[in-house]
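Below is one structure; the comments refer to it alone.
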2 protein chains.
Amino acid sequence: MNDELLTIRQMCEKFGVTPRTLRFYEQKELLAPLRKGQTRLYTRRDRARLKLVLQGKRFSFTLEEIRRLLDLYHVGDQQYTQYKATYELALKHLAELEAQRAELDRAIADLKEQLAWGARKLAELERLQNAGAAE
Amino acid sequence: MNDELLTIRQMCEKFGVTPRTLRFYEQKELLAPLRKGQTRLYTRRDRARLKLVLQGKRFSFTLEEIRRLLDLYHVGDQQYTQYKATYELALKHLAELEAQRAELDRAIADLKEQLAWGARKLAELERLQNAGAAE
DNA sequence: AAGAAAGTTGACGTTTGCGTCAAGTTCGAC
DNA sequence: GTCGAACTTGACGCAAACGTCAACTTTCTT
């Protein structure tokens, strides 16, 4: 029941992506749907992989990195070293994400400060504005 | 003393950017240095504007947005409405930055969870590895 | 059987912020 | 006067992740 084949449209709805995206991912070797004639048919495996791809994107992995990770996941042999590599890549990414967050925090703090300043100036201008209108 | 004119190189060193960047900004109408013959000469005003540009970039404003903001700052007339527009654009941006941060936080949390799972699996694989080597 | 709906490939376009030549001018130094 | 350093414009390149045609073929519906 869980291994029905989905057409490209069905995939798109299920995952909220466009056909172009799926074909693009296929070209990048992230997916490898079956073919019935011309038509692509997506298997349970493709769905699992696409799910991982979309997750990876949330973590700001590039598609190329995701491809390498997916390749690692399913080779089966020498699991240890390869899994470890995957794990460490993810760790590195985590560090980057946290650095990004820190920088973002700084930017937000600075911008807020500027805005406080701006709000005061704005109030001042508003007074002048009203004074002018009152004459 | 503060109104000396800087050459492009001096500007680059002062702000840590490349000549290409300064010319690019000029093309985008973010800067408007004087000319002495062919050579660009950057005024105090240019330095102030560049400083704002670089700040704006930290806040993830695009160069185009920054240009609009800079234009607003220096028109002089009808300060109130224009300053208000600037202020509100900045507020909007702040909201976006905070949304970004929230999403980033979620991504970090999720990735950490995955990593915890991964660490367990890794430990398991390591046991198998050692067991295999021990025979 | 005929038309519509869905699928296909291929190729070029978009966005942002510069990098990287290439080829030419100008300037001060010696 | 001539060399080299610094400056100039112009144009193309790049990276990522698709969007957007165009021109077909296939498949479903009636």
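Ligands are numbered from 1 in the order shown, chains are lettered A, B, ... in the order of the structure tokens, and residues start at 1 in each chain.
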Discussion item. Residues of chain A within 8 Å of chain D, counting only C-alpha atoms (C1' of nucleotides) - could you list those as a ChimeraX atom specification?
Written reply: /A:20-21,24,38
Hey, could you make a per-residue contact list for chain C against chain A with 10 Å as the cut-off, showing the nearest pair of atoms and its distance in Å to one decimal, counting only C-alpha atoms (C1' of nucleotides), sorted by chain and number, as a tab-separated table?
residue	atom	partner	partner_atom	distance
C:DA6	C1'	A:Arg9	CA	8.8
C:DG7	C1'	A:Thr39	CA	6.3
C:DT8	C1'	A:Gln38	CA	6.7
Using only C-alpha atoms (C1' of nucleotides), tabulate the residues of segment 34-79 of chain B lying at most 12 Å from any atom of segment 12-22 of chain C, each with its closest atom pair and that distance in Å to one decimal, by chain and increasing residue number, as a Markdown table.
| residue | atom | partner | partner_atom | distance |
| --- | --- | --- | --- | --- |
| B:Lys57 | CA | C:DG17 | C1' | 11.0 |
| B:Ser60 | CA | C:DT16 | C1' | 11.7 |
| B:Phe61 | CA | C:DT16 | C1' | 11.4 |
| B:Thr62 | CA | C:DT16 | C1' | 8.2 |
| B:Leu63 | CA | C:DT16 | C1' | 8.8 |
| B:Glu64 | CA | C:DT16 | C1' | 10.1 |
Worksheet item: Quick one: which residues from chain A are at most 6 Å off chain B, using only C-alpha atoms, as a list in words?
Response: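 Result, ordered by chain then number: Phe59, Tyr80, Ala107 and Leu125 of chain A.
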Discussion item. What parts of chain A does DSSP call helix (DSSP H, G or I)? I'd like the answer as a ChimeraX atom specification.
Written reply: /A:8-15,19-27,44-58,63-73,79-134
Worksheet item: What gap, in Å, lies between atom CA of Arg44 of chain A and atom CA of Tyr25 of chain A?
Response: 16.1 Å
Item to complete: List every residue of chain A that DSSP, applied to the backbone of this structure, assigns to strand (DSSP E or B), and report them as a PyMOL selection string.
Response: chain A and resi 6+34-36+39-42
